[in-house]
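So this one's final-v6.pdb, PDB, C-alpha atoms:
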```pdb
ATOM      1  CA  MET A   1     123.132 110.999 120.968  1.00  0.00           C
ATOM      2  CA  PRO A   2     121.563 109.478 124.107  1.00  0.00           C
ATOM      3  CA  ARG A   3     120.369 105.911 124.042  1.00  0.00           C
ATOM      4  CA  VAL A   4     118.324 104.289 126.804  1.00  0.00           C
ATOM      5  CA  THR A   5     119.328 100.699 127.613  1.00  0.00           C
ATOM      6  CA  ARG A   6     118.584  98.160 130.340  1.00  0.00           C
ATOM      7  CA  ALA A   7     121.415  99.677 132.368  1.00  0.00           C
ATOM      8  CA  SER A   8     119.710 103.081 132.370  1.00  0.00           C
ATOM      9  CA  ARG A   9     117.635 104.422 135.250  1.00  0.00           C
ATOM     10  CA  LEU A  10     114.235 102.968 134.376  1.00  0.00           C
ATOM     11  CA  GLY A  11     112.477 103.507 137.699  1.00  0.00           C
ATOM     12  CA  PHE A  12     111.124 101.178 140.372  1.00  0.00           C
ATOM     13  CA  SER A  13     107.796 100.421 138.653  1.00  0.00           C
ATOM     14  CA  TYR A  14     109.505  99.557 135.383  1.00  0.00           C
ATOM     15  CA  ARG A  15     111.949  97.221 137.136  1.00  0.00           C
ATOM     16  CA  LEU A  16     109.064  95.648 139.083  1.00  0.00           C
ATOM     17  CA  ALA A  17     107.154  94.969 135.856  1.00  0.00           C
ATOM     18  CA  VAL A  18     110.251  93.295 134.405  1.00  0.00           C
ATOM     19  CA  VAL A  19     110.634  91.085 137.497  1.00  0.00           C
ATOM     20  CA  LEU A  20     106.957  90.104 137.443  1.00  0.00           C
ATOM     21  CA  LEU A  21     106.695  89.378 133.723  1.00  0.00           C
ATOM     22  CA  ARG A  22     110.047  88.334 132.253  1.00  0.00           C
ATOM     23  CA  ARG A  23     110.461  84.976 133.986  1.00  0.00           C
ATOM     24  CA  PRO A  24     106.895  83.800 133.186  1.00  0.00           C
ATOM     25  CA  MET A  25     107.473  84.776 129.549  1.00  0.00           C
ATOM     26  CA  LEU A  26     110.659  82.689 129.494  1.00  0.00           C
ATOM     27  CA  LEU A  27     108.879  79.706 131.057  1.00  0.00           C
ATOM     28  CA  LEU A  28     105.571  79.851 129.185  1.00  0.00           C
ATOM     29  CA  THR A  29     106.668  80.774 125.657  1.00  0.00           C
ATOM     30  CA  HIS A  30     109.346  79.688 123.208  1.00  0.00           C
ATOM     31  CA  HIS A  31     110.631  82.621 121.232  1.00  0.00           C
ATOM     32  CA  GLN A  32     112.297  83.110 117.884  1.00  0.00           C
ATOM     33  CA  TRP A  33     113.757  86.602 117.399  1.00  0.00           C
ATOM     34  CA  SER A  34     115.084  88.113 114.163  1.00  0.00           C
ATOM     35  CA  GLY A  35     116.214  91.576 113.085  1.00  0.00           C
ATOM     36  CA  ALA A  36     117.415  92.867 116.464  1.00  0.00           C
ATOM     37  CA  GLU A  37     120.459  94.432 114.751  1.00  0.00           C
ATOM     38  CA  HIS A  38     118.169  97.261 113.571  1.00  0.00           C
ATOM     39  CA  LEU A  39     117.889  98.429 117.187  1.00  0.00           C
ATOM     40  CA  ASP A  40     121.631  98.957 117.432  1.00  0.00           C
ATOM     41  CA  VAL A  41     121.618 102.674 116.633  1.00  0.00           C
ATOM     42  CA  ASP A  42     122.211 105.790 118.678  1.00  0.00           C
ATOM     43  CA  GLY A  43     119.274 107.883 119.826  1.00  0.00           C
ATOM     44  CA  GLY A  44     115.583 107.098 119.949  1.00  0.00           C
ATOM     45  CA  VAL A  45     113.799 104.600 117.718  1.00  0.00           C
ATOM     46  CA  ILE A  46     110.148 103.973 116.887  1.00  0.00           C
ATOM     47  CA  VAL A  47     108.946 100.372 116.704  1.00  0.00           C
ATOM     48  CA  ALA A  48     105.627  99.758 114.945  1.00  0.00           C
ATOM     49  CA  PRO A  49     104.215  96.212 115.394  1.00  0.00           C
ATOM     50  CA  ASN A  50     101.150  94.501 113.997  1.00  0.00           C
ATOM     51  CA  HIS A  51      98.478  93.808 116.616  1.00  0.00           C
ATOM     52  CA  ILE A  52      96.796  90.390 116.884  1.00  0.00           C
ATOM     53  CA  SER A  53      96.104  89.835 120.584  1.00  0.00           C
ATOM     54  CA  TRP A  54      95.999  91.566 123.953  1.00  0.00           C
ATOM     55  CA  PHE A  55      98.949  89.289 124.793  1.00  0.00           C
ATOM     56  CA  ASP A  56     101.244  90.546 122.045  1.00  0.00           C
ATOM     57  CA  PRO A  57     102.443  93.700 123.891  1.00  0.00           C
ATOM     58  CA  LEU A  58     104.181  91.287 126.278  1.00  0.00           C
ATOM     59  CA  VAL A  59     105.839  89.588 123.308  1.00  0.00           C
ATOM     60  CA  THR A  60     106.937  92.962 121.918  1.00  0.00           C
ATOM     61  CA  ALA A  61     108.258  94.080 125.315  1.00  0.00           C
ATOM     62  CA  HIS A  62     110.104  90.772 125.807  1.00  0.00           C
ATOM     63  CA  PHE A  63     111.812  91.089 122.423  1.00  0.00           C
ATOM     64  CA  LEU A  64     112.846  94.699 122.962  1.00  0.00           C
ATOM     65  CA  PHE A  65     114.013  94.302 126.542  1.00  0.00           C
ATOM     66  CA  ASP A  66     116.025  91.188 125.664  1.00  0.00           C
ATOM     67  CA  ASN A  67     117.721  93.212 122.943  1.00  0.00           C
ATOM     68  CA  ASP A  68     118.656  96.089 125.262  1.00  0.00           C
ATOM     69  CA  ARG A  69     115.951  98.528 124.180  1.00  0.00           C
ATOM     70  CA  PRO A  70     113.457  98.899 127.069  1.00  0.00           C
ATOM     71  CA  PRO A  71     110.175  99.929 125.425  1.00  0.00           C
ATOM     72  CA  ARG A  72     107.871 102.855 126.149  1.00  0.00           C
ATOM     73  CA  PHE A  73     104.423 102.086 124.753  1.00  0.00           C
ATOM     74  CA  LEU A  74     101.925 104.595 123.444  1.00  0.00           C
ATOM     75  CA  ALA A  75      98.768 102.835 124.654  1.00  0.00           C
ATOM     76  CA  LYS A  76      95.044 103.532 124.758  1.00  0.00           C
ATOM     77  CA  ASP A  77      94.178 105.695 127.733  1.00  0.00           C
ATOM     78  CA  ALA A  78      91.553 103.110 128.785  1.00  0.00           C
ATOM     79  CA  VAL A  79      94.364 100.742 129.807  1.00  0.00           C
ATOM     80  CA  PHE A  80      95.584 103.316 132.320  1.00  0.00           C
ATOM     81  CA  ARG A  81      92.191 103.256 134.059  1.00  0.00           C
ATOM     82  CA  VAL A  82      92.388  99.531 134.872  1.00  0.00           C
ATOM     83  CA  PRO A  83      92.809  99.109 138.662  1.00  0.00           C
ATOM     84  CA  VAL A  84      96.376  98.301 139.789  1.00  0.00           C
ATOM     85  CA  LEU A  85      97.581  97.612 136.229  1.00  0.00           C
ATOM     86  CA  GLY A  86      96.886 101.179 135.165  1.00  0.00           C
ATOM     87  CA  ARG A  87      98.891 102.641 138.029  1.00  0.00           C
ATOM     88  CA  LEU A  88     101.763 100.224 137.413  1.00  0.00           C
ATOM     89  CA  ILE A  89     102.145 101.026 133.723  1.00  0.00           C
ATOM     90  CA  ARG A  90     101.723 104.763 134.263  1.00  0.00           C
ATOM     91  CA  ASN A  91     104.423 104.741 136.947  1.00  0.00           C
ATOM     92  CA  ALA A  92     106.574 102.693 134.571  1.00  0.00           C
ATOM     93  CA  GLY A  93     106.579 105.623 132.152  1.00  0.00           C
ATOM     94  CA  GLN A  94     104.202 104.288 129.518  1.00  0.00           C
ATOM     95  CA  ILE A  95     102.366 106.962 127.537  1.00  0.00           C
ATOM     96  CA  PRO A  96      98.538 107.203 127.378  1.00  0.00           C
ATOM     97  CA  VAL A  97      96.961 108.089 124.037  1.00  0.00           C
ATOM     98  CA  MET A  98      93.813 110.221 124.298  1.00  0.00           C
ATOM     99  CA  ARG A  99      92.315 109.843 120.842  1.00  0.00           C
ATOM    100  CA  ASP A 100      90.008 112.452 119.318  1.00  0.00           C
ATOM    101  CA  THR A 101      90.407 114.827 122.243  1.00  0.00           C
ATOM    102  CA  VAL A 102      92.206 118.094 122.870  1.00  0.00           C
ATOM    103  CA  ASP A 103      94.703 116.046 124.902  1.00  0.00           C
ATOM    104  CA  ALA A 104      95.798 113.966 121.893  1.00  0.00           C
ATOM    105  CA  ALA A 105      98.613 116.426 121.169  1.00  0.00           C
ATOM    106  CA  ARG A 106     100.030 115.687 124.628  1.00  0.00           C
ATOM    107  CA  SER A 107     100.563 112.070 123.628  1.00  0.00           C
ATOM    108  CA  VAL A 108     102.505 113.165 120.553  1.00  0.00           C
ATOM    109  CA  ALA A 109     104.556 115.606 122.633  1.00  0.00           C
ATOM    110  CA  ALA A 110     105.311 112.894 125.208  1.00  0.00           C
ATOM    111  CA  GLY A 111     106.405 110.562 122.413  1.00  0.00           C
ATOM    112  CA  VAL A 112     108.691 113.233 120.963  1.00  0.00           C
ATOM    113  CA  GLU A 113     110.242 113.873 124.390  1.00  0.00           C
ATOM    114  CA  ALA A 114     110.834 110.141 124.907  1.00  0.00           C
ATOM    115  CA  LEU A 115     112.568 109.860 121.531  1.00  0.00           C
ATOM    116  CA  GLU A 116     114.740 112.872 122.293  1.00  0.00           C
ATOM    117  CA  ARG A 117     115.843 111.090 125.496  1.00  0.00           C
ATOM    118  CA  GLY A 118     116.923 108.111 123.393  1.00  0.00           C
ATOM    119  CA  GLU A 119     113.963 105.877 124.250  1.00  0.00           C
ATOM    120  CA  CYS A 120     112.483 103.050 122.182  1.00  0.00           C
ATOM    121  CA  VAL A 121     108.886 104.138 121.616  1.00  0.00           C
ATOM    122  CA  VAL A 122     106.332 101.503 120.550  1.00  0.00           C
ATOM    123  CA  VAL A 123     103.319 102.618 118.502  1.00  0.00           C
ATOM    124  CA  TYR A 124     100.680 100.222 117.181  1.00  0.00           C
ATOM    125  CA  PRO A 125      99.788 101.838 113.843  1.00  0.00           C
ATOM    126  CA  GLU A 126      96.487  99.963 113.485  1.00  0.00           C
ATOM    127  CA  GLY A 127      95.341 101.429 116.786  1.00  0.00           C
ATOM    128  CA  THR A 128      93.549  98.239 117.795  1.00  0.00           C
ATOM    129  CA  ILE A 129      93.687  94.469 117.331  1.00  0.00           C
ATOM    130  CA  THR A 130      93.198  93.635 113.683  1.00  0.00           C
ATOM    131  CA  ARG A 131      89.678  92.759 112.553  1.00  0.00           C
ATOM    132  CA  ASP A 132      90.971  90.973 109.470  1.00  0.00           C
ATOM    133  CA  PRO A 133      89.592  87.401 109.671  1.00  0.00           C
ATOM    134  CA  GLU A 134      93.042  85.955 108.893  1.00  0.00           C
ATOM    135  CA  LEU A 135      94.837  88.450 111.182  1.00  0.00           C
ATOM    136  CA  TRP A 136      96.631  90.385 108.465  1.00  0.00           C
ATOM    137  CA  PRO A 137      97.360  94.064 109.208  1.00  0.00           C
ATOM    138  CA  MET A 138      94.603  96.579 108.586  1.00  0.00           C
ATOM    139  CA  SER A 139      94.999 100.170 107.424  1.00  0.00           C
ATOM    140  CA  GLY A 140      97.232 102.267 109.654  1.00  0.00           C
ATOM    141  CA  LYS A 141      96.746 105.449 111.614  1.00  0.00           C
ATOM    142  CA  THR A 142      99.322 108.175 111.158  1.00  0.00           C
ATOM    143  CA  GLY A 143     100.788 108.534 114.669  1.00  0.00           C
ATOM    144  CA  ALA A 144     103.943 106.487 114.106  1.00  0.00           C
ATOM    145  CA  ALA A 145     104.710 108.230 110.829  1.00  0.00           C
ATOM    146  CA  ARG A 146     104.100 111.633 112.406  1.00  0.00           C
ATOM    147  CA  LEU A 147     106.588 110.920 115.205  1.00  0.00           C
ATOM    148  CA  ALA A 148     109.185 109.702 112.700  1.00  0.00           C
ATOM    149  CA  LEU A 149     108.846 112.769 110.489  1.00  0.00           C
ATOM    150  CA  MET A 150     108.839 115.177 113.444  1.00  0.00           C
ATOM    151  CA  THR A 151     111.941 113.730 115.084  1.00  0.00           C
ATOM    152  CA  GLY A 152     113.956 112.003 112.371  1.00  0.00           C
ATOM    153  CA  ALA A 153     113.972 108.824 114.482  1.00  0.00           C
ATOM    154  CA  PRO A 154     114.158 105.506 112.575  1.00  0.00           C
ATOM    155  CA  LEU A 155     110.729 103.939 112.015  1.00  0.00           C
ATOM    156  CA  LEU A 156     111.114 100.166 112.409  1.00  0.00           C
ATOM    157  CA  PRO A 157     108.316  97.845 111.226  1.00  0.00           C
ATOM    158  CA  MET A 158     107.776  94.786 113.420  1.00  0.00           C
ATOM    159  CA  ALA A 159     105.886  91.595 112.581  1.00  0.00           C
ATOM    160  CA  GLN A 160     104.984  89.166 115.349  1.00  0.00           C
ATOM    161  CA  TRP A 161     103.059  85.910 115.284  1.00  0.00           C
ATOM    162  CA  GLY A 162     102.042  83.349 117.901  1.00  0.00           C
ATOM    163  CA  ALA A 163     100.540  85.548 120.614  1.00  0.00           C
ATOM    164  CA  GLN A 164      97.074  84.714 119.297  1.00  0.00           C
ATOM    165  CA  HIS A 165      97.652  81.075 120.324  1.00  0.00           C
ATOM    166  CA  VAL A 166      98.161  82.212 123.924  1.00  0.00           C
ATOM    167  CA  MET A 167      95.242  84.645 123.921  1.00  0.00           C
ATOM    168  CA  ALA A 168      92.850  84.742 120.974  1.00  0.00           C
ATOM    169  CA  PRO A 169      91.968  88.126 119.455  1.00  0.00           C
ATOM    170  CA  TYR A 170      89.520  90.084 121.647  1.00  0.00           C
ATOM    171  CA  SER A 171      89.581  87.358 124.315  1.00  0.00           C
ATOM    172  CA  TRP A 172      91.029  87.418 127.835  1.00  0.00           C
ATOM    173  CA  ARG A 173      91.200  83.630 128.058  1.00  0.00           C
ATOM    174  CA  LEU A 174      94.773  82.408 128.493  1.00  0.00           C
ATOM    175  CA  ARG A 175      96.026  79.146 126.994  1.00  0.00           C
ATOM    176  CA  LEU A 176      99.460  78.880 128.568  1.00  0.00           C
ATOM    177  CA  LEU A 177     100.129  75.150 128.325  1.00  0.00           C
ATOM    178  CA  PRO A 178     101.770  73.674 126.455  1.00  0.00           C
ATOM    179  CA  PRO A 179     104.135  76.647 125.903  1.00  0.00           C
ATOM    180  CA  LYS A 180     103.499  78.392 122.606  1.00  0.00           C
ATOM    181  CA  THR A 181     106.123  79.605 120.125  1.00  0.00           C
ATOM    182  CA  VAL A 182     106.099  83.343 119.479  1.00  0.00           C
ATOM    183  CA  ARG A 183     108.030  84.800 116.552  1.00  0.00           C
ATOM    184  CA  VAL A 184     109.220  88.354 115.956  1.00  0.00           C
ATOM    185  CA  VAL A 185     110.852  89.856 112.871  1.00  0.00           C
ATOM    186  CA  LEU A 186     112.082  93.443 113.044  1.00  0.00           C
ATOM    187  CA  ALA A 187     112.504  94.904 109.565  1.00  0.00           C
ATOM    188  CA  PRO A 188     114.881  97.651 108.392  1.00  0.00           C
ATOM    189  CA  PRO A 189     113.771 101.283 108.830  1.00  0.00           C
ATOM    190  CA  VAL A 190     111.072 102.560 106.506  1.00  0.00           C
ATOM    191  CA  GLY A 191     112.544 104.872 103.869  1.00  0.00           C
ATOM    192  CA  LEU A 192     111.284 108.378 104.598  1.00  0.00           C
ATOM    193  CA  ASP A 193     114.178 110.585 103.464  1.00  0.00           C
ATOM    194  CA  ASP A 194     112.279 111.856 100.424  1.00  0.00           C
ATOM    195  CA  LEU A 195     109.411 112.992 102.675  1.00  0.00           C
ATOM    196  CA  ARG A 196     111.367 114.799 105.383  1.00  0.00           C
ATOM    197  CA  SER A 197     111.567 118.101 103.487  1.00  0.00           C
ATOM    198  CA  LEU A 198     107.808 118.125 102.830  1.00  0.00           C
ATOM    199  CA  PRO A 199     105.111 119.616 105.068  1.00  0.00           C
ATOM    200  CA  ILE A 200     103.826 117.089 107.606  1.00  0.00           C
ATOM    201  CA  ASP A 201     100.317 117.196 106.185  1.00  0.00           C
ATOM    202  CA  ALA A 202      97.660 114.589 105.429  1.00  0.00           C
ATOM    203  CA  ASP A 203      99.169 113.576 102.091  1.00  0.00           C
ATOM    204  CA  THR A 204     102.688 113.141 103.458  1.00  0.00           C
ATOM    205  CA  LEU A 205     101.441 111.179 106.461  1.00  0.00           C
ATOM    206  CA  ARG A 206      99.304 108.950 104.224  1.00  0.00           C
ATOM    207  CA  ILE A 207     102.291 108.056 102.029  1.00  0.00           C
ATOM    208  CA  ALA A 208     104.551 107.387 105.018  1.00  0.00           C
ATOM    209  CA  THR A 209     101.916 105.295 106.774  1.00  0.00           C
ATOM    210  CA  GLU A 210     101.229 103.216 103.674  1.00  0.00           C
ATOM    211  CA  ARG A 211     104.951 102.481 103.362  1.00  0.00           C
ATOM    212  CA  LEU A 212     104.975 101.400 106.994  1.00  0.00           C
ATOM    213  CA  MET A 213     101.981  99.088 106.642  1.00  0.00           C
ATOM    214  CA  GLU A 214     103.451  97.544 103.497  1.00  0.00           C
ATOM    215  CA  ALA A 215     106.690  96.840 105.361  1.00  0.00           C
ATOM    216  CA  ILE A 216     104.874  95.310 108.346  1.00  0.00           C
ATOM    217  CA  THR A 217     102.805  93.121 106.030  1.00  0.00           C
ATOM    218  CA  ALA A 218     105.886  91.967 104.092  1.00  0.00           C
ATOM    219  CA  ALA A 219     107.641  91.063 107.347  1.00  0.00           C
ATOM    220  CA  LEU A 220     104.554  89.180 108.523  1.00  0.00           C
ATOM    221  CA  GLU A 221     104.590  87.151 105.305  1.00  0.00           C
ATOM    222  CA  GLU A 222     108.116  86.100 106.276  1.00  0.00           C
ATOM    223  CA  VAL A 223     107.041  85.145 109.803  1.00  0.00           C
ATOM    224  CA  ARG A 224     103.851  83.218 109.090  1.00  0.00           C
ATOM    225  CA  GLY A 225     103.897  82.357 105.401  1.00  0.00           C
ATOM    226  CA  GLY A 226     100.900  82.699 103.123  1.00  0.00           C
ATOM    227  CA  LYS A 227      99.790  85.752 101.176  1.00  0.00           C
ATOM    228  CA  PRO A 228      97.918  88.787 102.511  1.00  0.00           C
ATOM    229  CA  PRO A 229      94.710  90.005 100.870  1.00  0.00           C
ATOM    230  CA  LEU A 230      95.161  92.242  97.844  1.00  0.00           C
ATOM    231  CA  ARG A 231      93.262  95.007  99.629  1.00  0.00           C
ATOM    232  CA  ARG A 232      93.992  95.936 103.204  1.00  0.00           C
ATOM    233  CA  MET A 233      91.010  96.230 105.534  1.00  0.00           C
ATOM    234  CA  ASN A 234      90.066  99.769 106.525  1.00  0.00           C
ATOM    235  CA  PHE A 235      88.599  99.909 110.011  1.00  0.00           C
ATOM    236  CA  HIS A 236      87.050 103.052 111.480  1.00  0.00           C
ATOM    237  CA  GLY A 237      85.024 102.578 114.622  1.00  0.00           C
ATOM    238  CA  SER A 238      82.098 100.324 113.733  1.00  0.00           C
ATOM    239  CA  ARG A 239      82.615 100.673 109.970  1.00  0.00           C
ATOM    240  CA  GLU A 240      84.972  98.332 108.204  1.00  0.00           C
ATOM    241  CA  GLN A 241      85.662  97.678 104.565  1.00  0.00           C
ATOM    242  CA  ARG A 242      88.352  96.518 102.208  1.00  0.00           C
ATOM    243  CA  GLY A 243      89.978  99.671 100.949  1.00  0.00           C
ATOM    244  CA  PRO A 244      92.016 100.087  97.761  1.00  0.00           C
ATOM    245  CA  LYS A 245      95.767 100.007  98.015  1.00  0.00           C
ATOM    246  CA  SER A 246      97.680 103.160  97.219  1.00  0.00           C
ATOM    247  CA  ASN A 247      99.388 103.537  93.839  1.00  0.00           C
ATOM    248  CA  GLU A 248     102.727 103.121  95.565  1.00  0.00           C
ATOM    249  CA  ALA A 249     101.630  99.855  97.179  1.00  0.00           C
ATOM    250  CA  ARG A 250     100.171  98.517  93.937  1.00  0.00           C
ATOM    251  CA  ASN A 251     103.300  99.409  92.005  1.00  0.00           C
ATOM    252  CA  ARG A 252     105.554  97.687  94.504  1.00  0.00           C
ATOM    253  CA  ARG A 253     103.422  94.527  94.362  1.00  0.00           C
ATOM    254  CA  SER A 254     103.494  94.487  90.566  1.00  0.00           C
ATOM    255  CA  GLY A 255     107.201  95.305  90.403  1.00  0.00           C
ATOM    256  CA  THR A 256     106.731  98.553  88.475  1.00  0.00           C
TER     257      THR A 256
END
```
Structure rendered as structure tokens:
Amino acid sequence: MPRVTRASRLGFSYRLAVVLLRRPMLLLTHHQWSGAEHLDVDGGVIVAPNHISWFDPLVTAHFLFDNDRPPRFLAKDAVFRVPVLGRLIRNAGQIPVMRDTVDAARSVAAGVEALERGECVVVYPEGTITRDPELWPMSGKTGAARLALMTGAPLLPMAQWGAQHVMAPYSWRLRLLPPKTVRVVLAPPVGLDDLRSLPIDADTLRIATERLMEAITAALEEVRGGKPPLRRMNFHGSREQRGPKSNEARNRRSGT
């Protein structure tokens, strides 16, 4: 199966972004990477990170590019409207997500096509920077799970920590000096084999997404220490609440 690497034809804009960003990331951050062996598979892969800062996509991209898996991000369409930056990332092959519109299916189709080409597709399952006061993952949206079930591509949970020290959540203020340490743990693929023969409906997507968020949270415990809240925050627009965990999540926590 095809597999896109750094040696592949990535395009001028992609190469330009690498030139502009990689050296500053090497100079201004110290990094600790773990779990890169899970990227060493043929074909496309889906990487699903937690989201704690507007800086952390650079951390995710640095990790993936360093480990020979140039990323294609599914990103909010608003980012593509930012002057200069929007044109650069669009020309670099990143994929806009038009939520709650008739064009949303195009984002899914573009993600499927990228995976079939052997790309590494990055999807933030929370859909936005976490609103949890201690920066634990919130409830997840179903896009990453949908792509995994549609294509059979491995769904890899990623936990990253440290980007919030460079740029605090929902802030554009950079704190570059002294260099901050950023940590990434890539976990093994989420087990979805028992779901692949089922219809890709709301129930199947809910189960798959809960497994993904549990795996991201467990990896984040490894990265940062501490214990997450017993109930994951549900965030929908302006409404947020602590939602109950699924039976599967509760059983795994209790060891049953």
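With distances restricted to all atoms listed in the file, A:Ile89 is the closest residue to A:Gly11 from A:Val184, A:Ala36, A:Ile89, A:Ala105.
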At a cut-off of 12 Å, using only C-alpha atoms, what residues contact stretch 163-176 of chain A? Leave out same-chain residues fewer than 2 positions from it and give the result as an mmCIF file with C-alpha atoms, in the coordinates of the input.
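Writing done, so here's result.cif:
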```
data_model
loop_
_atom_site.group_PDB
_atom_site.id
_atom_site.type_symbol
_atom_site.label_atom_id
_atom_site.label_comp_id
_atom_site.auth_asym_id
_atom_site.auth_seq_id
_atom_site.Cartn_x
_atom_site.Cartn_y
_atom_site.Cartn_z
ATOM 1 C CA PRO A 24 106.895 83.800 133.186
ATOM 2 C CA MET A 25 107.473 84.776 129.549
ATOM 3 C CA LEU A 26 110.659 82.689 129.494
ATOM 4 C CA LEU A 27 108.879 79.706 131.057
ATOM 5 C CA LEU A 28 105.571 79.851 129.185
ATOM 6 C CA THR A 29 106.668 80.774 125.657
ATOM 7 C CA HIS A 30 109.346 79.688 123.208
ATOM 8 C CA HIS A 31 110.631 82.621 121.232
ATOM 9 C CA ASN A 50 101.150 94.501 113.997
ATOM 10 C CA HIS A 51 98.478 93.808 116.616
ATOM 11 C CA ILE A 52 96.796 90.390 116.884
ATOM 12 C CA SER A 53 96.104 89.835 120.584
ATOM 13 C CA TRP A 54 95.999 91.566 123.953
ATOM 14 C CA PHE A 55 98.949 89.289 124.793
ATOM 15 C CA ASP A 56 101.244 90.546 122.045
ATOM 16 C CA PRO A 57 102.443 93.700 123.891
ATOM 17 C CA LEU A 58 104.181 91.287 126.278
ATOM 18 C CA VAL A 59 105.839 89.588 123.308
ATOM 19 C CA THR A 60 106.937 92.962 121.918
ATOM 20 C CA THR A 128 93.549 98.239 117.795
ATOM 21 C CA ILE A 129 93.687 94.469 117.331
ATOM 22 C CA THR A 130 93.198 93.635 113.683
ATOM 23 C CA ARG A 131 89.678 92.759 112.553
ATOM 24 C CA ASP A 132 90.971 90.973 109.470
ATOM 25 C CA PRO A 133 89.592 87.401 109.671
ATOM 26 C CA GLU A 134 93.042 85.955 108.893
ATOM 27 C CA LEU A 135 94.837 88.450 111.182
ATOM 28 C CA ALA A 159 105.886 91.595 112.581
ATOM 29 C CA GLN A 160 104.984 89.166 115.349
ATOM 30 C CA TRP A 161 103.059 85.910 115.284
ATOM 31 C CA PRO A 178 101.770 73.674 126.455
ATOM 32 C CA PRO A 179 104.135 76.647 125.903
ATOM 33 C CA LYS A 180 103.499 78.392 122.606
ATOM 34 C CA THR A 181 106.123 79.605 120.125
ATOM 35 C CA VAL A 182 106.099 83.343 119.479
ATOM 36 C CA ARG A 183 108.030 84.800 116.552
ATOM 37 C CA VAL A 184 109.220 88.354 115.956
#
```
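A straight line drawn from atom CA of A:Ile200 to atom CA of A:Phe235 is 23.1 Å long.
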Note to self: Going by the chain IDs and residue numbers used in this file, which residues fall under the PyMOL selection byres ((chain A and resi 41) around 10)? Write them as a PyMOL selection string.
What the structure shows: chain A and resi 1+3+37-40+42-45+118+154
Notebook entry, point to check: Which of these residues is nearest to A:Leu198, using all atoms listed in the file: A:Met213, A:Leu149, A:Ala109, A:Ala219?
Noted result: A:Leu149
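The neighbours of A:Ile95 here are the residues that come within 8 Å of it, using all atoms listed in the file and leaving out any residue fewer than 3 positions away in the same chain; they are Arg72, Phe73, Leu74, Ala75, Arg90, Ser107, Ala110 and Gly111 of chain A.
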Could you take the residues named above and write them with C-alpha atoms, as a PDB file, in the frame of the given file?
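Contents of out-v3.pdb, as written:
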```pdb
ATOM      1  CA  ARG A  72     107.871 102.855 126.149  1.00  0.00           C
ATOM      2  CA  PHE A  73     104.423 102.086 124.753  1.00  0.00           C
ATOM      3  CA  LEU A  74     101.925 104.595 123.444  1.00  0.00           C
ATOM      4  CA  ALA A  75      98.768 102.835 124.654  1.00  0.00           C
ATOM      5  CA  ARG A  90     101.723 104.763 134.263  1.00  0.00           C
ATOM      6  CA  SER A 107     100.563 112.070 123.628  1.00  0.00           C
ATOM      7  CA  ALA A 110     105.311 112.894 125.208  1.00  0.00           C
ATOM      8  CA  GLY A 111     106.405 110.562 122.413  1.00  0.00           C
TER       9      GLY A 111
END
```
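If you look at atom CA of A:Glu113 and atom CA of A:Ala148, they are 12.5 Å away from each other.
Note that atom CA of A:Gly162 and atom CA of A:Arg224 are 9.0 Å apart.
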Next item on the list: Tell me which protein, DNA and RNA residues are within 10 Å of A:Thr217, counting only C-alpha atoms, leaving out same-chain ones fewer than 2 positions away, and put them as an MDAnalysis selection string.
Entry: chainID A and resid 49:50 136:138 157:159 211:215 219:223 227:228 232
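The residues returned by the PyMOL selection byres ((chain A and resi 121) around 6) for this structure are A:Ile46, A:Pro71, A:Arg72, A:Phe73, A:Glu119, A:Cys120, A:Val122.
If all atoms listed in the file are the atoms counted, then among A:Val97, A:Ala208, A:Arg9, A:Asp68 the closest residue to A:Asp193 is A:Ala208.
Minimum atom-to-atom distance to A:Thr142, evaluated using only C-alpha atoms, belongs to A:Val108 out of A:Val4, A:Val19, A:Val108, A:Leu156.
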Next item on the list: Would you mind listing what lies within 12 Å of A:Ser197 as an NGL selection string, with only C-alpha atoms counted and same-chain residues fewer than 6 positions away left out?
Entry: :A and (149-150 or 152 or 204)
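Of the residues under consideration (A:Met233, A:Ala144, A:Asp203, A:Ala114), A:Ala144 shows the shortest atom-to-atom contact distance to A:Val190 when counting only C-alpha atoms.
Comparing the minimum interatomic distances between A:Ser8 and each of A:Arg69, A:Arg106, A:Lys141, A:Arg231, counting all atoms listed in the file, we find that A:Arg69 sits nearest.
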Exercise on stretch 23-29 of chain A, axis-aligned box with 3 Å per side, report centre and edge lengths in Å to one decimal, as JSON:
```
{"center_x": 108.1, "center_y": 82.3, "center_z": 129.8, "size_x": 11.1, "size_y": 11.3, "size_z": 14.3}
```
